[in-house]
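A quick write-up on the structure given underneath.
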Amino acid sequence: MSEHTTTRHTSTTPGTGYGRVSTETMKNIVESHRRRQTFWQRLALIGPAFVVGAWQFGPGNLTTAVQAGSGYQYTLIWVIAVSTVLMIFLADMSVRLGIKSPVSLISSIKDHLGGWVGVLAGIGVFLITLCFSVGNAVGSGLGLSMLLGGNPVMWTAICTIFVAGILLFRNVYRVIEKILVAAVVVMAIAFIASAFISNPEWAAAARGLVPTVPDGAWLLIVALVGTNFSVNAAFYTSYGTKERKRTEADYRDVTVVDTIPGIVAPGIMTALVIVVAAAVLGQTGEAAPTILALASIFEPLAGPVGSAIFGIGFFAAAFSSMIANATAGGTMLSDGLGRGASSGSTTAKIISGVILGFGLTVTLIFQTSPVQLIVIAQALTVFIAPILALLIVVMANRGTLMAELKNKWWHNLFGLVGLAAVLTLSVRLLITLLP
């Protein structure tokens with residue numbers, strides 16, 4: 001009897017042993033619980049999604065939002081709300097891919113779907129970043145010009161050189177992440193303050209959450225989706241997750257403190273810009289013809305202070321997007337070409353420099369950048385977005401890769417809705433542009 005009793009109680013860990021939870025499982029549960037109890041450890045998980053949010057919320061986003069508010073008042077706020085929800089699901093898939101994949105996302109695509117598919121994805125993202133680079137370059141120069149005076153092109157050159165210097169850091173991703181999280185905070189403060197200054201009709205803004213499509217608004221809707229449901233930015237989330245070495249045990253906390261807030265923040269700021277533009281310009285139907293004119297929307301309400309607030313937010317949006325755009329484009333094309341999947345690789349830094357140089361060159365040649373050209377450039381990215389969205393959804397459903405983090409049915413539902421949305425808008429954009 002004593003021998004039988006001894007056999008049953010071989011484990012020295014309470015609550016483990018024969019017929020109970022294994023010792024290894026208990027250790028994992030305790031460690032996971034300990035990690036989630038620590039507030040500061042949760043805050044340390046903030047990063048990759050905020051980088052994506054900073055990239056997503058750039059001059060093109062601001063420009064299209066002001067066009068929406070000034071031309072159609074509050075009626076297109078629903079586009080931002082829907083785009084943000086879809087973006088959360090796609091970014092979440094990318095986070096899980098970054099956690100589970102033993103290599104980068106594009107390298108995994110090459111392994112599972114073929115090398116040419118991965119190369120195509122890298123080139124596609126690179127082309128999108130070239131489109132964005134012009135607006136970022138012009139916007140950063142104009143933002144500083146609003147605040148400090150002087151030639152906007154001169155400030156564009158200074159910003160470009162400064163960003164190029166940042167990219168030379170050895171652990172470049174960590175440096176960039178800290179800068180961009182701070183930029184998101186600055187933008188949030190600036191645009192929340194702007195919303196209160198403008199004193200909008202909040203009831204009308206709430207009614208804007210009900211989907212309606214005003215006459216002549218399709219191209220602008222496509223541009224709003226292209227900037228807010230930023231598939232290329234969602235694609236890059238996996239790279240930030242991989243750079244920060246997130247684990248499966250971190251996934252739940254990452255979702256709560258990083259993925260959802262990081263994607264919701266730019267959505268809220270975009271909606272606030274629409275609200276402000278609707279309150280100030282929407283009553284007259286006046287549209288801002290140039291980016292410089294965007295700052296003037298606050299002049300009737302708060303004079304130079306209003307313009308300064310907008311200028312701070314606008315510069316933070318342009319500058320942060322310039323950094324993230326160049327880094328993401330360089331990293332993913334380098335990965336597509338098989339030259340390294342880290343933002344710190346030599347090839348990634350060279351390509352990032354090319355993206356910065358392209359934006360600066362176009363700015364120097366044309367000197368100014370009309371709002372309508374930026375709107376069209378943002379809308380054109382929708383043609384590449386369906387390919388990237390499809391790749392994220394397909395890879396997130398690979399059971400051999402994702403195991404227990406494979407997409408559930410509701411992930412696929414929202415993923416397919418997002419894919420259908422960008423496909424539909426691509427067709428609609430083509431019909432709009434053909435005449």
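The way I read the labels, and the way they are meant: chains A, B, ... in the order of the structure tokens, residue 1 as the first residue of every chain, and ligand 1 as the first ligand shown, with later ones counted on from there.
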
Which neighbours of segment 343-348 of chain A fall inside 9 Å, counting only C-alpha atoms, when residues of the same chain fewer than 3 positions from it are skipped, and could you give them as a ChimeraX atom specification?
/A:167-173,239,243,327-335,339-340,351-353

For Ser194 of chain A, list every protein, DNA or RNA residue within 7 Å, evaluated using only C-alpha atoms, and leave out those in the same chain fewer than 4 positions away; present the list as a VMD selection string.
chain A and resid 190 198 276 309 to 310

Go ahead and compute the interatomic distance for atom CA of Arg252 of chain A and atom CA of Ile179 of chain A, in Å to one decimal.
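Between atom CA of Arg252 of chain A and atom CA of Ile179 of chain A the gap is 24.8 Å.
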
Residues within 7 Å of segment 415-421 of chain A, only C-alpha atoms, excluding chain neighbours under 2 positions, as a compact mmCIF listing (two decimals) with N, CA and C atoms, in the first residue's frame:
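Result file follows (selection08.txt):
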```txt
# COMPACT_ATOMS: atom_id res chain seq x y z
N LEU A 86 -11.53 46.76 -40.72
CA LEU A 86 -10.89 45.81 -41.63
C LEU A 86 -9.38 45.80 -41.43
N PHE A 89 -8.22 43.61 -38.43
CA PHE A 89 -8.18 42.17 -38.69
C PHE A 89 -6.99 41.79 -39.56
N LEU A 90 -6.68 42.60 -40.56
CA LEU A 90 -5.56 42.27 -41.43
C LEU A 90 -4.23 42.43 -40.70
N PRO A 386 -4.92 44.54 -53.44
CA PRO A 386 -5.60 43.23 -53.43
C PRO A 386 -4.63 42.05 -53.42
N ALA A 389 -3.25 41.77 -49.84
CA ALA A 389 -4.30 41.28 -48.93
C ALA A 389 -4.53 39.79 -49.11
N LEU A 390 -4.57 39.34 -50.35
CA LEU A 390 -4.77 37.92 -50.64
C LEU A 390 -3.63 37.09 -50.05
N VAL A 393 -4.06 36.73 -46.21
CA VAL A 393 -5.14 35.80 -45.85
C VAL A 393 -4.74 34.36 -46.14
N HIS A 411 -11.94 35.50 -38.61
CA HIS A 411 -10.80 36.17 -39.23
C HIS A 411 -10.95 36.15 -40.75
N ASN A 412 -11.29 34.97 -41.26
CA ASN A 412 -11.45 34.84 -42.72
C ASN A 412 -12.60 35.67 -43.24
N LEU A 413 -13.67 35.77 -42.45
CA LEU A 413 -14.83 36.56 -42.88
C LEU A 413 -14.42 38.02 -43.10
N LEU A 423 -10.84 44.97 -54.04
CA LEU A 423 -11.06 44.55 -55.42
C LEU A 423 -12.15 45.39 -56.08
N THR A 424 -13.24 45.59 -55.35
CA THR A 424 -14.34 46.40 -55.87
C THR A 424 -13.90 47.83 -56.15
N LEU A 425 -13.14 48.39 -55.22
CA LEU A 425 -12.68 49.75 -55.40
C LEU A 425 -11.66 49.87 -56.52
```

Counting only C-alpha atoms, which of A:Leu105, A:Thr241, A:Ala317, A:Asn228 gets nearest to Ile263 of chain A?
A:Asn228

Surrounding residues of segment 321-326 of chain A excluding itself and chain neighbours under 5 positions, 6 Å, only C-alpha atoms, as a list of chain:residue names:
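Contacts, with the query itself left out: A:Ala54, A:Trp55, A:Gly58, A:Thr129, A:Asn136, A:Ser352, A:Ile355.
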
Can you pull out every residue within 12 Å of segment 108-111 of chain A, counting only C-alpha atoms, but drop anything in the same chain fewer than 3 positions away, and send it as a ChimeraX atom specification?
/A:97-98,100-105,114-122,235,238-239,335-338,341,388,390-396,398,400-402

Enumerate, as JSON, numbers by chain, the complete set of residues in segment 75-233 of chain A that a backbone-based DSSP assignment places in alpha helix (DSSP H).
{"A": [77, 78, 79, 80, 81, 82, 83, 84, 85, 86, 87, 88, 89, 90, 91, 92, 93, 94, 95, 96, 97, 98, 99, 100, 105, 106, 107, 108, 109, 110, 111, 112, 113, 115, 116, 117, 118, 119, 120, 121, 122, 123, 124, 125, 126, 127, 128, 129, 130, 131, 132, 133, 134, 135, 136, 137, 138, 139, 140, 141, 142, 143, 144, 145, 146, 147, 148, 152, 153, 154, 155, 156, 157, 158, 159, 160, 161, 162, 163, 164, 165, 166, 172, 173, 174, 175, 176, 177, 178, 179, 180, 181, 182, 183, 184, 185, 186, 187, 188, 189, 190, 191, 192, 193, 194, 195, 196, 197, 198, 202, 203, 204, 205, 206, 207, 218, 219, 220, 221, 222, 223, 224, 225, 226, 227, 228, 231, 232, 233]}

Using only C-alpha atoms, determine which residues lie at most 10 Å from segment 212-215 of chain A, disregarding the query and same-chain residues fewer than 5 positions distant; provide the list as a PyMOL selection string.
chain A and resi 71-72+75-79+221

Nearest to Ser342 of chain A, restricted to only C-alpha atoms and choosing among A:Ser140, A:Thr84, A:Ala188, A:Tyr236, comes out as A:Tyr236

Using only C-alpha atoms, which residues sit within 9 Å of Val257 of chain A once same-chain residues fewer than 3 positions away are excluded, as a list in words?
Arg42, Leu43, Leu45, Ile46, Arg252, Asp253, Val254, Ile260, Pro261 and Gly262 of chain A

Output N, CA and C atoms for every residue in the selection just made, as an mmCIF file, in the first residue's frame.
```cif
data_model
loop_
_atom_site.group_PDB
_atom_site.id
_atom_site.type_symbol
_atom_site.label_atom_id
_atom_site.label_comp_id
_atom_site.auth_asym_id
_atom_site.auth_seq_id
_atom_site.Cartn_x
_atom_site.Cartn_y
_atom_site.Cartn_z
ATOM 1 N N ARG A 42 3.568 45.120 -20.125
ATOM 2 C CA ARG A 42 2.582 45.284 -21.196
ATOM 3 C C ARG A 42 2.909 46.494 -22.058
ATOM 4 N N LEU A 43 3.248 47.603 -21.399
ATOM 5 C CA LEU A 43 3.581 48.814 -22.150
ATOM 6 C C LEU A 43 4.793 48.587 -23.047
ATOM 7 N N LEU A 45 5.364 46.202 -24.824
ATOM 8 C CA LEU A 45 4.951 45.524 -26.053
ATOM 9 C C LEU A 45 4.468 46.501 -27.120
ATOM 10 N N ILE A 46 4.257 47.766 -26.742
ATOM 11 C CA ILE A 46 3.815 48.775 -27.706
ATOM 12 C C ILE A 46 4.914 49.019 -28.726
ATOM 13 N N ARG A 252 -1.734 37.703 -26.905
ATOM 14 C CA ARG A 252 -2.945 38.321 -26.342
ATOM 15 C C ARG A 252 -2.667 39.762 -25.878
ATOM 16 N N ASP A 253 -1.570 39.950 -25.151
ATOM 17 C CA ASP A 253 -1.243 41.284 -24.660
ATOM 18 C C ASP A 253 -0.874 42.223 -25.794
ATOM 19 N N VAL A 254 -0.174 41.722 -26.798
ATOM 20 C CA VAL A 254 0.172 42.534 -27.968
ATOM 21 C C VAL A 254 -1.099 43.052 -28.646
ATOM 22 N N ILE A 260 -4.578 46.782 -31.592
ATOM 23 C CA ILE A 260 -5.835 47.539 -31.659
ATOM 24 C C ILE A 260 -5.603 49.040 -31.467
ATOM 25 N N PRO A 261 -4.910 49.492 -30.398
ATOM 26 C CA PRO A 261 -4.693 50.940 -30.259
ATOM 27 C C PRO A 261 -3.888 51.530 -31.411
ATOM 28 N N GLY A 262 -2.869 50.796 -31.892
ATOM 29 C CA GLY A 262 -2.021 51.312 -32.961
ATOM 30 C C GLY A 262 -2.751 51.523 -34.260
#
```

Quick one: of A:Leu62, A:Ile387, A:Ala195, A:Ile106, who's nearest to Pro266 of chain A, counting only C-alpha atoms?
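When distances to Pro266 of chain A are compared using only C-alpha atoms, the smallest one comes from A:Leu62.
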
Which of these, A:Gly53, A:Gly311, A:Gly60, A:Gly399, has the shortest distance to Val134 of chain A once you count only C-alpha atoms?
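Once distances to Val134 of chain A are computed over only C-alpha atoms, the minimum belongs to A:Gly60.
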
Could you tell me which of A:Ala49, A:Val184, A:Glu404, A:Val85 comes closest to Glu248 of chain A if we count only C-alpha atoms?
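Comparing A:Ala49, A:Val184, A:Glu404, A:Val85 against Glu248 of chain A, the winner is A:Glu404.
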